[in-house]
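Here is the structure we will look at, set down as structure tokens.
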Number of protein chains: 2
Amino acid sequence: MNRREFTLSCLGALAVAGASGAGLLPDSAAARQAQPQPAPARTGETPHIAFLLFDGMTALDMIGPATVLANSGFTVDYVWRNTGPVYAETTSDKRLGLLPTATFGDVGAADILCVPGTSNPYAQIVQPDIIEWVAHVGQRATWVTSVCTGSFLLGAAGLLKGYRATAHWTMLDELAYFGATPVRERVVRDRNRVIGAGVSSGIDFGLVLLALIHGEQTARMWQLIMEYDPHPPFDSGSPHTADPKLVEAVRSNSSGNRVPYARKSLEDAAKRLGVTVAG
Amino acid sequence: MNRREFTLSCLGALAVAGASGAGLLPDSAAARQAQPQPAPARTGETPHIAFLLFDGMTALDMIGPATVLANSGFTVDYVWRNTGPVYAETTSDKRLGLLPTATFGDVGAADILCVPGTSNPYAQIVQPDIIEWVAHVGQRATWVTSVCTGSFLLGAAGLLKGYRATAHWTMLDELAYFGATPVRERVVRDRNRVIGAGVSSGIDFGLVLLALIHGEQTARMWQLIMEYDPHPPFDSGSPHTADPKLVEAVRSNSSGNRVPYARKSLEDAAKRLGVTVAG
């Protein structure tokens, strides 16, 4: 029995008919609960998710949700401008190469767009072909999603204007340049936008998205299969819990914040999108 | 500033001199605290970690710890029998390819060996070149580690005989065939063996290992950088917390348990290792 058969077998055993994702989102305000549900995925039982790949991406941003979704019956594409490998961010001289399954030209639409992040999203938001592809697919997708600073790419593509969103904690406030309202939550949903916070939040995000699309019982099953019962050895995963000196060291040295063209690229994006940023 | 500079800059700012990993392991019994510490990594400040790659591996098992370690100044190799891509386990028709950085012949030793898992480790433990390479590198490594059912490969290589170890919860008991003592904990350390439980435990494991090698302060910094402040949307990540019906459905359909040659490959390994399994 391979994993496809396994998944189908488990789902059959569970008889999940009627399970719903309602009420399980981190955004618990009553008004938000009532937000409209997007239509079911275009392709019904096998939704198509397109992950953007790019050099310097943080692999875990994508592998977290992909582990949940690429084993749950979704059709998955890993998309880049060509079919050559991209290399994940690393300080090692040796780099892990990831192979795209499709190019920008191959994938003009998807039920779900998911954009991972990087410590330097400014290097991506100034590349027109990337942002144009994100805009094109995002405008047509049922769900528009990202993890970590992937939200900068959605933002630069005009997909977060007027939406609540999140990002890695060191770069959260910058989302205002894209006309988004920055929100410090683990997973932020606003209508059909579902946005994860920094890096490891991709696992939480993936389970939330799976529940929205295939129901809570399926997501609970995947949480059990991937043994997602986290036991961080320290309590240092958020600027609210970490040693303030550590928070300051990481914030002031954050690579994205120190890229020379960061501010200009944000200002250019804001101008292009017609966004005015206070202060 | 790239991520290498960022890491070095943060570490400088922290002045972590004297920070120690002592006392932070999940294994808190007093006797275990006193276990001997392996010597520092052979290469001093830039330990070399070799991750095994193979077709059908669960990508998150490796990407979780690799995100922590490949950005913390470690030299990382992703090793397979040749330099062609391996493909992560998926139910999608499209498969994510991962490119090795080195072959078995290239890497005869490493400070740290780390073996990821798969839903069917039985397909790996019967491949002599894989198990021989794991045994060869593992016998010489300062730290011998795995995530999920990667412990089956360590076990088949004779590296867990007489050690406490863990694995994915659906296949934990089978570790006895390798002469290991199965332990249901998130991260199990016994002397220089550090073993993570199922799939997502790789993040916890990576932080524990980083603390052992570079000290607690460095690991706390990485927990903050990767924003590892988990908020699972459900409480279904362990057989102790999930709906018992769900636990039974996943257990009885677990692909590894249903592989026809599973029992025979375990019995063959036990015979080869001189292990007698009760019952």
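Naming works like this for the structure tokens: A, B, ... for the chains as they're shown, residue 1 at the start of each chain, ligands 1 onward in shown order.
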
**OP:** Taking the chain letters and numbering used in this document, name the residues of stretch 31-240 of chain B that DSSP puts in helix (DSSP H, G or I), as an NGL selection string.
**Re:** :B and (31-33 or 59-69 or 122-125 or 128-140 or 150-156 or 169-171 or 173-178 or 201-214 or 216-225)

**OP:** List every residue of stretch 123-221 of chain B that DSSP, applied to the backbone of this structure, assigns to strand (DSSP E), and report them as a ChimeraX atom specification.
**Re:** /B:143-147,164-165,181-182,187-190,193-196

Original post:
Restricting the calculation to only C-alpha atoms, which member of A:Leu159, A:Met221, A:Ala167, A:Leu273 is positioned closest to B:Asn253?
Top reply: A:Met221

Subject >> Shell around B:Leu153 at 8 Å using only C-alpha atoms, local window under 5 positions removed, as a list in words >> reply: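 Result of the neighbour search: Val115, Pro121, Gln124, Ile125, Ile131 and Val134 of chain B.
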
Would you put the residues from that selection into a file with C-alpha atoms, as a PDB file, in the first residue's frame?
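Resulting contents of out-v2.pdb:
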ATOM      1  CA  VAL B 115      18.716   9.830   8.398  1.00  0.00           C
ATOM      2  CA  PRO B 121      11.267   2.057   5.644  1.00  0.00           C
ATOM      3  CA  GLN B 124      15.236   0.927   2.347  1.00  0.00           C
ATOM      4  CA  ILE B 125      16.473  -1.560   4.932  1.00  0.00           C
ATOM      5  CA  ILE B 131      22.626   0.268   4.944  1.00  0.00           C
ATOM      6  CA  VAL B 134      24.782   4.341   7.013  1.00  0.00           C
TER       7      VAL B 134
END

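Our summary of the geometry notes that atom CA of B:Asn257 is positioned 9.6 Å from atom CA of B:Glu174.
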
Subject >> Contacts of B:Gly196 within 12 Å, only C-alpha atoms, excl. fewer than 2 positions in-chain, as a VMD selection string >> reply: (chain A and resid 227 230 to 231) or (chain B and resid 25 to 26 61 to 62 64 to 65 114 to 117 144 to 152 164 to 169 172 182 to 190 193 to 194 198 to 209)

Could you write those residues out with N, CA and C atoms, as a compact mmCIF listing (two decimals), in the first residue's frame?
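Result file follows (selection-v3.txt):
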# COMPACT_ATOMS: atom_id res chain seq x y z
N GLU A 227 2.50 13.41 13.05
CA GLU A 227 2.84 13.48 14.48
C GLU A 227 3.16 14.91 14.88
N PRO A 230 3.95 19.33 18.76
CA PRO A 230 5.24 20.02 18.97
C PRO A 230 5.65 20.14 20.42
N HIS A 231 6.92 19.92 20.66
CA HIS A 231 7.52 20.11 21.97
C HIS A 231 8.81 20.91 21.80
N LEU B 25 17.59 18.66 27.57
CA LEU B 25 17.03 17.58 26.78
C LEU B 25 15.73 17.06 27.36
N PRO B 26 14.88 16.56 26.47
CA PRO B 26 13.59 16.04 26.93
C PRO B 26 13.78 14.88 27.91
N ASP B 61 10.98 15.51 7.24
CA ASP B 61 11.89 14.89 8.21
C ASP B 61 13.28 15.51 8.13
N MET B 62 13.69 15.83 6.92
CA MET B 62 15.03 16.38 6.70
C MET B 62 15.02 17.91 6.71
N GLY B 64 13.11 19.98 8.24
CA GLY B 64 12.97 20.55 9.58
C GLY B 64 14.33 20.80 10.21
N PRO B 65 15.12 19.74 10.47
CA PRO B 65 16.44 19.99 11.05
C PRO B 65 17.38 20.74 10.11
N CYS B 114 22.59 12.11 9.77
CA CYS B 114 21.14 12.26 10.03
C CYS B 114 20.36 11.55 8.92
N VAL B 115 19.49 10.65 9.34
CA VAL B 115 18.72 9.83 8.40
C VAL B 115 17.23 10.15 8.54
N PRO B 116 16.61 10.69 7.49
CA PRO B 116 15.17 10.95 7.54
C PRO B 116 14.38 9.67 7.31
N GLY B 117 13.07 9.75 7.47
CA GLY B 117 12.22 8.57 7.36
C GLY B 117 11.34 8.56 6.13
N VAL B 144 25.00 10.39 15.96
CA VAL B 144 24.25 9.50 15.06
C VAL B 144 22.77 9.80 15.28
N THR B 145 22.10 10.28 14.24
CA THR B 145 20.76 10.83 14.45
C THR B 145 19.79 10.41 13.34
N SER B 146 18.50 10.54 13.67
CA SER B 146 17.47 10.25 12.67
C SER B 146 16.19 10.95 13.07
N VAL B 147 15.26 10.99 12.12
CA VAL B 147 13.92 11.52 12.36
C VAL B 147 12.93 10.50 11.80
N CYS B 148 11.83 10.30 12.52
CA CYS B 148 10.74 9.40 12.08
C CYS B 148 11.29 7.99 11.90
N THR B 149 10.93 7.32 10.81
CA THR B 149 11.40 5.95 10.62
C THR B 149 12.83 5.88 10.07
N GLY B 150 13.53 7.02 10.03
CA GLY B 150 14.96 6.97 9.77
C GLY B 150 15.67 6.08 10.78
N SER B 151 15.08 5.93 11.97
CA SER B 151 15.69 5.06 12.99
C SER B 151 15.69 3.60 12.55
N PHE B 152 14.78 3.22 11.63
CA PHE B 152 14.83 1.85 11.10
C PHE B 152 16.13 1.62 10.33
N ARG B 164 18.36 3.32 23.63
CA ARG B 164 16.98 3.79 23.62
C ARG B 164 16.77 4.59 22.33
N ALA B 165 15.58 4.45 21.72
CA ALA B 165 15.33 5.15 20.45
C ALA B 165 13.84 5.34 20.26
N THR B 166 13.48 6.13 19.25
CA THR B 166 12.07 6.32 18.94
C THR B 166 11.87 6.27 17.43
N ALA B 167 10.61 6.43 17.01
CA ALA B 167 10.24 6.36 15.59
C ALA B 167 8.83 6.93 15.47
N HIS B 168 8.30 6.95 14.27
CA HIS B 168 6.90 7.32 14.09
C HIS B 168 6.04 6.42 14.98
N TRP B 169 5.01 7.01 15.59
CA TRP B 169 4.23 6.26 16.59
C TRP B 169 3.61 4.98 16.05
N LEU B 172 6.63 2.27 16.21
CA LEU B 172 7.61 2.38 17.29
C LEU B 172 8.08 1.01 17.80
N PRO B 182 12.40 0.75 22.46
CA PRO B 182 11.50 1.79 21.95
C PRO B 182 11.02 2.71 23.08
N VAL B 183 11.07 4.01 22.85
CA VAL B 183 10.67 5.01 23.84
C VAL B 183 9.74 6.01 23.15
N ARG B 184 8.57 6.23 23.74
CA ARG B 184 7.63 7.19 23.14
C ARG B 184 7.89 8.58 23.70
N GLU B 185 8.90 9.25 23.14
CA GLU B 185 9.19 10.65 23.49
C GLU B 185 9.45 11.40 22.20
N ARG B 186 9.37 12.73 22.27
CA ARG B 186 9.51 13.55 21.07
C ARG B 186 10.94 13.48 20.51
N VAL B 187 11.91 13.60 21.39
CA VAL B 187 13.32 13.47 21.00
C VAL B 187 13.99 12.61 22.06
N VAL B 188 14.63 11.53 21.64
CA VAL B 188 15.26 10.61 22.58
C VAL B 188 16.77 10.67 22.39
N ARG B 189 17.48 10.97 23.48
CA ARG B 189 18.93 10.93 23.39
C ARG B 189 19.46 9.81 24.28
N ASP B 190 20.36 9.03 23.75
CA ASP B 190 21.07 8.02 24.54
C ASP B 190 22.53 8.09 24.10
N ARG B 193 23.51 9.11 20.44
CA ARG B 193 22.38 8.91 19.53
C ARG B 193 21.30 9.95 19.90
N VAL B 194 20.82 10.68 18.92
CA VAL B 194 19.73 11.64 19.13
C VAL B 194 18.68 11.37 18.07
N GLY B 198 8.01 11.10 14.94
CA GLY B 198 7.46 11.22 13.58
C GLY B 198 7.61 12.60 12.96
N VAL B 199 7.96 12.63 11.70
CA VAL B 199 7.91 13.74 10.74
C VAL B 199 8.21 15.12 11.33
N SER B 200 7.19 15.77 11.89
CA SER B 200 7.33 17.16 12.33
C SER B 200 8.25 17.29 13.54
N SER B 201 8.57 16.19 14.20
CA SER B 201 9.49 16.25 15.34
C SER B 201 10.88 16.70 14.92
N GLY B 202 11.16 16.67 13.62
CA GLY B 202 12.48 17.05 13.14
C GLY B 202 12.87 18.46 13.54
N ILE B 203 11.88 19.34 13.72
CA ILE B 203 12.21 20.71 14.14
C ILE B 203 12.67 20.70 15.60
N ASP B 204 11.92 20.01 16.45
CA ASP B 204 12.34 19.89 17.86
C ASP B 204 13.72 19.24 17.94
N PHE B 205 13.88 18.15 17.17
CA PHE B 205 15.15 17.43 17.14
C PHE B 205 16.30 18.36 16.72
N GLY B 206 16.08 19.15 15.67
CA GLY B 206 17.13 20.02 15.17
C GLY B 206 17.57 21.04 16.21
N LEU B 207 16.61 21.57 16.96
CA LEU B 207 16.95 22.54 18.00
C LEU B 207 17.70 21.88 19.15
N VAL B 208 17.29 20.66 19.51
CA VAL B 208 18.00 19.93 20.57
C VAL B 208 19.44 19.67 20.14
N LEU B 209 19.62 19.23 18.89
CA LEU B 209 20.98 18.93 18.41
C LEU B 209 21.82 20.20 18.33

Subject >> Near-A:Asn71 list (6 Å; only C-alpha atoms; drop same-chain fewer than 3 positions) as number ranges by chain >> reply: A: 68; B: 90-91

Residues from last step as file, N, CA and C atoms, as a CSV table (one decimal), in the first residue's frame:
chain,number,residue,atom,x,y,z
A,68,VAL,N,1.7,18.4,4.2
A,68,VAL,CA,0.3,18.1,4.5
A,68,VAL,C,-0.5,17.9,3.2
B,90,THR,N,4.9,11.5,-2.1
B,90,THR,CA,3.8,12.3,-2.4
B,90,THR,C,2.6,11.5,-3.0
B,91,THR,N,1.4,11.9,-2.9
B,91,THR,CA,0.3,11.3,-3.6
B,91,THR,C,0.0,12.0,-4.9

Subject >> Contact residues around B:His136 with only C-alpha atoms at 12 Å, ignoring same-chain residues under 3 positions, as a ChimeraX atom specification >> reply: /B:104-105,107-110,113,128-133,139-141,144,154,157-159

Would you mind exporting N, CA and C atoms of the selected residues as a compact mmCIF listing (two decimals), in the first residue's frame?
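Result file is part.txt:
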# COMPACT_ATOMS: atom_id res chain seq x y z
N PHE B 104 27.54 8.44 -1.99
CA PHE B 104 28.06 7.58 -0.92
C PHE B 104 29.59 7.52 -0.99
N GLY B 105 30.10 7.44 -2.22
CA GLY B 105 31.55 7.35 -2.38
C GLY B 105 32.27 8.63 -1.97
N VAL B 107 31.36 10.73 0.51
CA VAL B 107 31.28 11.03 1.94
C VAL B 107 31.52 9.75 2.75
N GLY B 108 32.73 9.59 3.23
CA GLY B 108 33.07 8.41 4.03
C GLY B 108 33.01 8.68 5.52
N ALA B 109 32.87 9.94 5.88
CA ALA B 109 32.80 10.30 7.30
C ALA B 109 32.10 11.64 7.43
N ALA B 110 31.48 11.86 8.59
CA ALA B 110 30.84 13.15 8.88
C ALA B 110 30.77 13.28 10.40
N LEU B 113 25.66 12.22 11.40
CA LEU B 113 24.86 11.52 10.39
C LEU B 113 23.40 11.73 10.75
N PRO B 128 21.35 -3.11 0.36
CA PRO B 128 22.64 -3.21 1.05
C PRO B 128 23.50 -1.96 0.96
N ASP B 129 23.54 -1.28 -0.22
CA ASP B 129 24.46 -0.14 -0.30
C ASP B 129 24.03 1.00 0.62
N ILE B 130 22.73 1.17 0.80
CA ILE B 130 22.24 2.22 1.72
C ILE B 130 22.66 1.87 3.15
N ILE B 131 22.37 0.65 3.56
CA ILE B 131 22.63 0.27 4.94
C ILE B 131 24.13 0.22 5.23
N GLU B 132 24.90 -0.20 4.24
CA GLU B 132 26.37 -0.22 4.43
C GLU B 132 26.92 1.20 4.60
N TRP B 133 26.41 2.14 3.80
CA TRP B 133 26.89 3.52 3.93
C TRP B 133 26.48 4.09 5.29
N GLN B 139 29.28 4.60 12.29
CA GLN B 139 30.27 4.07 13.24
C GLN B 139 31.36 5.09 13.56
N ARG B 140 31.58 6.04 12.66
CA ARG B 140 32.65 7.02 12.83
C ARG B 140 32.14 8.40 13.27
N ALA B 141 30.84 8.60 13.26
CA ALA B 141 30.30 9.94 13.51
C ALA B 141 30.31 10.31 15.00
N VAL B 144 25.00 10.39 15.96
CA VAL B 144 24.25 9.50 15.06
C VAL B 144 22.77 9.80 15.28
N LEU B 154 19.01 3.32 10.78
CA LEU B 154 20.09 3.23 11.77
C LEU B 154 20.08 1.85 12.41
N ALA B 157 21.39 -0.89 10.34
CA ALA B 157 22.85 -0.75 10.22
C ALA B 157 23.56 -1.13 11.51
N GLY B 158 22.80 -1.59 12.49
CA GLY B 158 23.41 -2.05 13.74
C GLY B 158 23.77 -0.92 14.69
N LEU B 159 23.25 0.27 14.43
CA LEU B 159 23.68 1.44 15.21
C LEU B 159 22.81 1.72 16.43

Original post:
What does the distance from atom CA of B:Phe74 to atom CA of B:Tyr228 come to in Å, to one decimal?
Top reply: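 So the two atoms, atom CA of B:Phe74 and atom CA of B:Tyr228, lie 20.0 Å apart.
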
Original post:
With only C-alpha atoms as the atoms that count, which of B:Thr170, B:Thr181, B:Thr101, B:Gln223 lies nearest to B:Gly155?
Top reply: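 So, comparing all the options, the nearest one is B:Thr181.
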
Original post:
Between atom CA of B:Asp111 and atom CA of A:Ser92, what is the spacing in Å?
Top reply: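 Those two atoms sit 14.7 Å apart.
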
Excluding A:Ser238 and residues on its chain fewer than 4 positions from it, collect all residues at most 7 Å away from it, counting only C-alpha atoms, and give them as a CSV table (one decimal) with N, CA, C and O atoms, in the first residue's frame.
chain,number,residue,atom,x,y,z
A,242,ALA,N,10.6,35.3,23.8
A,242,ALA,CA,12.1,35.2,23.8
A,242,ALA,C,12.7,36.3,24.7
A,242,ALA,O,12.1,37.3,25.0
B,224,LEU,N,13.8,31.5,17.5
B,224,LEU,CA,13.2,32.8,17.3
B,224,LEU,C,13.2,33.2,15.8
B,224,LEU,O,12.2,33.7,15.2
B,227,GLU,N,10.7,31.4,13.9
B,227,GLU,CA,9.4,31.7,14.6
B,227,GLU,C,8.7,30.4,14.9
B,227,GLU,O,7.6,30.2,14.6
B,229,ASP,N,6.9,28.9,17.2
B,229,ASP,CA,6.0,29.2,18.3
B,229,ASP,C,4.7,28.5,17.9
B,229,ASP,O,3.7,29.1,17.5
